[in-house]
Amino acid sequence: MTLDYDPAIIGKVFEETDPVAVSAQEIKDFCAAIGETNPWYTDEEAARKGPYGEIVAPPMFVLTFRNGRHFFQNIPRFGKGGFDAGRDVEFVNPVHAGDRITLVSHVKEIYEKTGRSGAMYFVTIRSTVKNQKNEVVAHIDHRFMGRL
Amino acid sequence: MSGNQVRSMQEINIGDNIGPQPLFLAKDRVRAYCNAAGLAGVPRFTDDEGARKEGLPGMITPGNMSAALIGKLVTDWARPYNGRLVRIGTTYRSPVLPEHNLSLQGFVTQVDHGERTAELDIWIENEDGDRLVTATATVRFP
């Protein structure tokens with residue numbers, strides 16, 4: 001069995017989210033949950049003296065944007081549903097408290113592979129994370145896999 | 001951080017260990033992550049019963065929480081050198097179950113003095129030594 005999809009979807013933007021405002025409190029809550037205690041992320045005074053001059057989010061905070069309201073609503077569907085296989089993230093600029101963040105997503109690649117456990121498909125969705133100044137914050141590759 | 005001597009990347013060698021750090025994720029901590037990350041009320045991450053209905057052994061840790069913990073291990077390691085995490089790739093190999101004695105660890109796999117970067121391998125391991133989440137990361141130094 002092979003995947004049935006229109007190759008024209010590769011590279012085409014299928015979703016652009018509305019901007020989401022990031023608050024200092026959300027950054028604090030994220031830090032508390034992962035045990036992050038660096039005051040650059042949580043304390044205004046310390047952040048002022050830090051490398052960014054104001055509160056920023058820890059780099060991995062960018063992975064929280066595809067949650068809640070930001071599941072891929074318009075993602076092309078494949079096979080019988082799959083697994084979340086991982087993420088590849090390139091960090092370009094930090095997220096600052098007060099930023100308004102947008103994700104623009106496209107299908108980067110689709111391929112099939114047959115391993116010991118049978119035929120599998122792999123889909124990579126690339127999301128470009130941008131702030132209100134249209135600066136790229138990060139590129140996130142979401143990797144999904146499933147059985148054919 | 002201010003007041004502390006910045007360490008030089010010259011001190012970093014291939015094979016240097018990062019961690020191990022013990023990691024025990026209480027279910028309430030996983031739920032706190034879900035609340036902070038827009039995953040509140042997602043059964044597989046917040047509720048044993050709901051997770052079992054999806055065929056899982058009980059609630060599991062979101063992959064992105066594991067990734068965030070790995071990222072924190074890297075940034076904690078890089079901070080004394082003023083290093084910045086510029087890239088990370090994570091692979092979710094097996095579900096990470098809360099309330100197990102896990103460990104977070106890794107080592108330096110490459111040091112490039114020309115590019116001023118180091119490559120790291122990092123993973124989360126369970127009591128049996130199985131690597132549940134693996135990652136590679138690139139840190140850039142000033």
# chains A, B, ... in the order shown; residues from 1 in each chain; ligands from 1

$ residues_around --residues "A:Val129" --least-positions-apart "6" --cutoff "7 Å" --atoms "only C-alpha atoms" --output "JSON, numbers by chain"
{"A": [101, 102, 103, 104, 136, 137, 138, 139]}

$ interface_residues --of "chain A" --to "chain B" --cutoff "8 Å" --atoms "only C-alpha atoms" --output "list of chain:residue names"
A:Glu26, A:Asp29, A:Phe30, A:Ala33, A:Ile34, A:Glu36, A:Lys49, A:Gly50, A:Pro59, A:Met60, A:Phe61, A:Leu63, A:Thr64, A:Phe65, A:Asn67, A:Gly68, A:Arg69, A:Asp84, A:Ala85, A:Gly86, A:Arg87, A:Asp88, A:Val89, A:Glu90, A:Phe91, A:Val92

$ select_by_dssp --residues "stretch 18-65 of chain A" --states "helix (DSSP H, G or I)" --output "PDB file with N, CA and C atoms, in the first residue's frame"
ATOM      1  N   ALA A  24       4.131  37.635  30.338  1.00  0.00           N
ATOM      2  CA  ALA A  24       5.211  37.266  31.270  1.00  0.00           C
ATOM      3  C   ALA A  24       4.733  36.137  32.191  1.00  0.00           C
ATOM      4  N   GLN A  25       3.427  36.147  32.525  1.00  0.00           N
ATOM      5  CA  GLN A  25       2.894  35.102  33.410  1.00  0.00           C
ATOM      6  C   GLN A  25       2.956  33.730  32.733  1.00  0.00           C
ATOM      7  N   GLU A  26       2.642  33.681  31.445  1.00  0.00           N
ATOM      8  CA  GLU A  26       2.724  32.385  30.732  1.00  0.00           C
ATOM      9  C   GLU A  26       4.161  31.857  30.738  1.00  0.00           C
ATOM     10  N   ILE A  27       5.106  32.758  30.558  1.00  0.00           N
ATOM     11  CA  ILE A  27       6.516  32.347  30.586  1.00  0.00           C
ATOM     12  C   ILE A  27       6.867  31.827  31.978  1.00  0.00           C
ATOM     13  N   LYS A  28       6.393  32.535  33.021  1.00  0.00           N
ATOM     14  CA  LYS A  28       6.641  32.099  34.406  1.00  0.00           C
ATOM     15  C   LYS A  28       6.069  30.710  34.665  1.00  0.00           C
ATOM     16  N   ASP A  29       4.829  30.491  34.213  1.00  0.00           N
ATOM     17  CA  ASP A  29       4.180  29.189  34.446  1.00  0.00           C
ATOM     18  C   ASP A  29       4.940  28.072  33.742  1.00  0.00           C
ATOM     19  N   PHE A  30       5.394  28.355  32.535  1.00  0.00           N
ATOM     20  CA  PHE A  30       6.167  27.367  31.777  1.00  0.00           C
ATOM     21  C   PHE A  30       7.453  27.043  32.544  1.00  0.00           C
ATOM     22  N   CYS A  31       8.137  28.084  33.028  1.00  0.00           N
ATOM     23  CA  CYS A  31       9.390  27.882  33.776  1.00  0.00           C
ATOM     24  C   CYS A  31       9.144  27.041  35.023  1.00  0.00           C
ATOM     25  N   ALA A  32       8.062  27.350  35.738  1.00  0.00           N
ATOM     26  CA  ALA A  32       7.767  26.600  36.968  1.00  0.00           C
ATOM     27  C   ALA A  32       7.565  25.123  36.649  1.00  0.00           C
ATOM     28  N   ALA A  33       6.882  24.843  35.537  1.00  0.00           N
ATOM     29  CA  ALA A  33       6.562  23.448  35.203  1.00  0.00           C
ATOM     30  C   ALA A  33       7.791  22.656  34.781  1.00  0.00           C
ATOM     31  N   ILE A  34       8.774  23.306  34.192  1.00  0.00           N
ATOM     32  CA  ILE A  34       9.966  22.545  33.772  1.00  0.00           C
ATOM     33  C   ILE A  34      11.121  22.719  34.767  1.00  0.00           C
ATOM     34  N   PRO A  39      16.639  33.633  36.474  1.00  0.00           N
ATOM     35  CA  PRO A  39      15.783  34.825  36.623  1.00  0.00           C
ATOM     36  C   PRO A  39      15.650  35.668  35.346  1.00  0.00           C
ATOM     37  N   TRP A  40      16.472  35.434  34.325  1.00  0.00           N
ATOM     38  CA  TRP A  40      16.301  36.153  33.054  1.00  0.00           C
ATOM     39  C   TRP A  40      14.892  35.923  32.491  1.00  0.00           C
ATOM     40  N   TYR A  41      14.294  34.803  32.870  1.00  0.00           N
ATOM     41  CA  TYR A  41      12.999  34.427  32.293  1.00  0.00           C
ATOM     42  C   TYR A  41      11.810  34.850  33.164  1.00  0.00           C
ATOM     43  N   GLU A  44      11.877  40.702  36.301  1.00  0.00           N
ATOM     44  CA  GLU A  44      12.114  41.877  35.443  1.00  0.00           C
ATOM     45  C   GLU A  44      13.456  42.542  35.698  1.00  0.00           C
ATOM     46  N   GLU A  45      13.788  42.668  36.986  1.00  0.00           N
ATOM     47  CA  GLU A  45      15.031  43.345  37.368  1.00  0.00           C
ATOM     48  C   GLU A  45      16.243  42.572  36.831  1.00  0.00           C
ATOM     49  N   ALA A  46      16.249  41.245  37.066  1.00  0.00           N
ATOM     50  CA  ALA A  46      17.364  40.413  36.603  1.00  0.00           C
ATOM     51  C   ALA A  46      17.402  40.392  35.074  1.00  0.00           C
ATOM     52  N   ALA A  47      16.212  40.376  34.461  1.00  0.00           N
ATOM     53  CA  ALA A  47      16.150  40.336  32.996  1.00  0.00           C
ATOM     54  C   ALA A  47      16.738  41.609  32.393  1.00  0.00           C
ATOM     55  N   ARG A  48      16.507  42.751  33.084  1.00  0.00           N
ATOM     56  CA  ARG A  48      17.043  44.025  32.584  1.00  0.00           C
ATOM     57  C   ARG A  48      18.563  43.978  32.499  1.00  0.00           C
ATOM     58  N   LYS A  49      19.182  43.274  33.459  1.00  0.00           N
ATOM     59  CA  LYS A  49      20.647  43.191  33.490  1.00  0.00           C
ATOM     60  C   LYS A  49      21.162  42.021  32.642  1.00  0.00           C
ATOM     61  N   PRO A  59      14.245  28.921  25.384  1.00  0.00           N
ATOM     62  CA  PRO A  59      14.099  28.556  23.958  1.00  0.00           C
ATOM     63  C   PRO A  59      12.980  27.547  23.684  1.00  0.00           C
ATOM     64  N   MET A  60      12.842  26.533  24.553  1.00  0.00           N
ATOM     65  CA  MET A  60      11.877  25.471  24.258  1.00  0.00           C
ATOM     66  C   MET A  60      10.422  25.917  24.383  1.00  0.00           C
ATOM     67  N   PHE A  61      10.204  27.136  24.875  1.00  0.00           N
ATOM     68  CA  PHE A  61       8.846  27.683  24.955  1.00  0.00           C
ATOM     69  C   PHE A  61       8.190  27.703  23.576  1.00  0.00           C
ATOM     70  N   VAL A  62       8.990  27.808  22.522  1.00  0.00           N
ATOM     71  CA  VAL A  62       8.394  27.894  21.168  1.00  0.00           C
ATOM     72  C   VAL A  62       7.554  26.662  20.826  1.00  0.00           C
ATOM     73  N   LEU A  63       7.833  25.539  21.515  1.00  0.00           N
ATOM     74  CA  LEU A  63       7.061  24.326  21.204  1.00  0.00           C
ATOM     75  C   LEU A  63       5.641  24.381  21.749  1.00  0.00           C
ATOM     76  N   THR A  64       5.339  25.374  22.585  1.00  0.00           N
ATOM     77  CA  THR A  64       3.988  25.436  23.149  1.00  0.00           C
ATOM     78  C   THR A  64       2.995  26.094  22.195  1.00  0.00           C
ATOM     79  N   PHE A  65       3.470  26.668  21.101  1.00  0.00           N
ATOM     80  CA  PHE A  65       2.538  27.411  20.252  1.00  0.00           C
ATOM     81  C   PHE A  65       1.602  26.527  19.437  1.00  0.00           C
TER      82      PHE A  65
END

$ select_by_dssp --residues "chain B" --states "strand (DSSP E)" --output "JSON, numbers by chain"
{"B": [17, 18, 19, 20, 21, 22, 23, 84, 85, 86, 87, 88, 89, 90, 91, 92, 102, 103, 104, 105, 106, 107, 108, 109, 110, 111, 112, 117, 118, 119, 120, 121, 122, 123, 124, 125, 131, 132, 133, 134, 135, 136, 137, 138, 139, 140]}
